[in-house]
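A short write-up of the structure that comes next.
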Amino acid sequence: MAEKRKKNESIKRAYKKFLFAQNYILRGMNVAEALVAAGYSPKNTATAWEFLKDPTVIRYMQALLQEQQEKLGEIYRADKENIINELVKIAFADPRRIVRVKDGKLQVMDSDEITNIEAAAIAEVSETKRGLRIKFHSKVDALDKLAKILGLYVEKHEHTGKDGEPLNIILSQLNQEVFGGGNSSDA
């Protein structure tokens with residue numbers, strides 16, 4: 001009977017630690033608030049910081065953070081394919097689908113008429129004294145980044161010494177560092 005009670009207390013304590021981690025990580029409560037929300041007395045708030053050092057609580061918090069990152073990853077996938085897709089939207093968006101000149105007057109499409117492709121190309125919308133201001137992401141920058149990702153060109157970097165002189169490499173030092181051969185007095 002005492003063993004069963006001990007096991008129940010252990011489960012209850014583990015659950016409270018999990019609730020503490022959940023309130024602290026997911027609900028953004030401070031340490032003392034999370035402790036009280038987990039079922040501990042407000043009198044125990046002085047020891048609340050010790051919970052952050054508890055290995056069980058740390059594991060719970062890590063698991064909760066990982067779960068949140070996975071959920072965010074599903075919502076906002078930042079893999080190579082999505083990055084390329086967003087850059088393609090910017091690089092090939094047609095501004096005429098957003099802003100038009102009709103009878104010499106500038107017209108802006110209603111936001112519900114703009115597709116996700118055109119919306120991705122917009123960097124900023126603001127209202128100024130002279131009217132609406134729409135700023136687009138740079139098509140050139142998007143094309144440049146796409147070209148790099150797709151390997152259409154390779155950047156070359158030239159390494160030179162002081163004042164553009166060729167790099168001088170002391171082979172005896174290099175030999176010693178790379179191959180461990182001899183001591184510096186052998187050179």
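In the structure tokens, chains take the letters A, B, ... in the order shown, each chain's residues start at 1, and ligands count up from 1 in the order shown.
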Shell of 6 Å around A:Ala123, only C-alpha atoms, local chain residues under 5 positions omitted, as a PyMOL selection string: chain A and resi 135-137
Spatial neighbours of A:Ala21, 10 Å, only C-alpha atoms, chain gap at least 5 places, as a list in words: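 My list of contacting residues is Tyr15, Lys16, Leu26, Arg27, Gly28, Met29, Val31, Ala34, Leu35, Ala38, Phe51, Leu52, Thr56, Val57, Ile58, Arg59, Tyr60, Met61, Gln62, Ala63, Leu64 and Leu65 of chain A.
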Store the residues picked out above in a file with C-alpha atoms, as a compact mmCIF listing (two decimals), in the first residue's frame.
# COMPACT_ATOMS: atom_id res chain seq x y z
CA TYR A 15 2.69 15.73 -13.85
CA LYS A 16 3.15 18.96 -11.89
CA LEU A 26 3.83 27.51 -24.02
CA ARG A 27 1.85 30.05 -22.06
CA GLY A 28 4.73 32.46 -21.45
CA MET A 29 4.22 32.66 -17.69
CA VAL A 31 8.66 31.12 -13.22
CA ALA A 34 4.06 28.73 -13.85
CA LEU A 35 4.77 27.08 -10.51
CA ALA A 38 1.09 23.78 -11.92
CA PHE A 51 12.69 24.03 -11.14
CA LEU A 52 14.58 25.42 -14.12
CA THR A 56 13.03 16.28 -15.58
CA VAL A 57 11.69 19.81 -16.11
CA ILE A 58 14.49 20.54 -18.58
CA ARG A 59 13.59 17.41 -20.59
CA TYR A 60 9.91 18.43 -20.61
CA MET A 61 10.79 21.95 -21.76
CA GLN A 62 13.07 20.63 -24.49
CA ALA A 63 10.33 18.27 -25.70
CA LEU A 64 7.78 21.10 -25.71
CA LEU A 65 10.14 23.41 -27.60
Minimum-distance residue to A:Leu150, chosen among A:Glu67, A:Asp94, A:Lys162, A:Glu81 (using only C-alpha atoms): A:Glu81
Nearest candidate to A:Gln68 (options A:Ile25, A:Met109, A:Ala121, A:Ala147; using only C-alpha atoms):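 Between A:Ile25, A:Met109, A:Ala121, A:Ala147, the residue approaching A:Gln68 most closely is A:Ile25.
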Who sits within 10 Å of A:Ile122, only C-alpha atoms, same chain under 3 positions skipped, as a VMD selection string: chain A and resid 90 93 95 98 117 to 119 125 134 to 138
Writer output for current selection, C-alpha atoms, as a compact mmCIF listing (two decimals), in the first residue's frame:
# COMPACT_ATOMS: atom_id res chain seq x y z
CA ILE A 90 9.50 37.82 -56.36
CA ALA A 93 5.93 38.78 -60.36
CA PRO A 95 3.78 44.63 -61.00
CA ILE A 98 -0.99 45.15 -58.65
CA ILE A 117 2.33 35.36 -56.10
CA GLU A 118 1.93 39.12 -56.44
CA ALA A 119 1.58 39.57 -52.68
CA VAL A 125 2.64 49.22 -48.29
CA ILE A 134 3.95 50.36 -52.62
CA LYS A 135 7.50 49.08 -52.46
CA PHE A 136 8.43 45.84 -54.20
CA HIS A 137 11.21 43.42 -53.33
CA SER A 138 14.14 43.65 -55.72
Separation of atom CA of A:Ser126 from atom CA of A:Val88, in Å and rounded to one decimal: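 Value for the atom CA of A:Ser126-atom CA of A:Val88 distance: 24.3 Å.
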One-decimal distance in Å that lies between atom CA of A:Lys102 and atom CA of A:Ala142: 28.9 Å
Separation of atom CA of A:Arg133 from atom CA of A:Glu113 in Å: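 Computed distance, atom CA of A:Glu113 to atom CA of A:Arg133, equals 17.9 Å.
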Closest of A:Glu86, A:Ala91, A:Tyr24, A:Val101 to A:Asp144 - atom-to-atom distances counting only C-alpha atoms: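 Of all the options, A:Ala91 lies closest to A:Asp144.
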Which of chain A fall in strand (DSSP E or B), as JSON, numbers by chain: {"A": [99, 100, 101, 102, 105, 106, 107, 108, 122, 123, 124, 125, 126, 127, 128, 131, 132, 133, 134, 135, 136]}
Output file for the selection above: C-alpha atoms, as a CSV table (one decimal), in the first residue's frame:
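Resulting contents of part_1.csv:
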chain,number,residue,atom,x,y,z
A,99,VAL,CA,-0.6,48.7,-60.0
A,100,ARG,CA,-2.2,49.9,-63.2
A,101,VAL,CA,-2.3,53.2,-65.0
A,102,LYS,CA,-5.7,53.9,-66.6
A,105,LYS,CA,-4.3,57.8,-63.3
A,106,LEU,CA,-2.7,55.3,-61.0
A,107,GLN,CA,-4.9,52.5,-59.8
A,108,VAL,CA,-4.0,49.9,-57.2
A,122,ILE,CA,5.4,43.4,-52.2
A,123,ALA,CA,7.9,44.5,-49.5
A,124,GLU,CA,5.9,47.3,-48.0
A,125,VAL,CA,2.6,49.2,-48.3
A,126,SER,CA,2.3,52.6,-46.6
A,127,GLU,CA,0.2,55.7,-46.8
A,128,THR,CA,2.0,59.0,-47.3
A,131,GLY,CA,-1.0,58.8,-51.4
A,132,LEU,CA,-0.4,55.1,-51.2
A,133,ARG,CA,3.2,53.9,-51.5
A,134,ILE,CA,3.9,50.4,-52.6
A,135,LYS,CA,7.5,49.1,-52.5
A,136,PHE,CA,8.4,45.8,-54.2
Contacts of A:Arg13 within 10 Å, only C-alpha atoms, excl. fewer than 5 positions in-chain, as a PyMOL selection string: chain A and resi 7-8+18-19+38-39
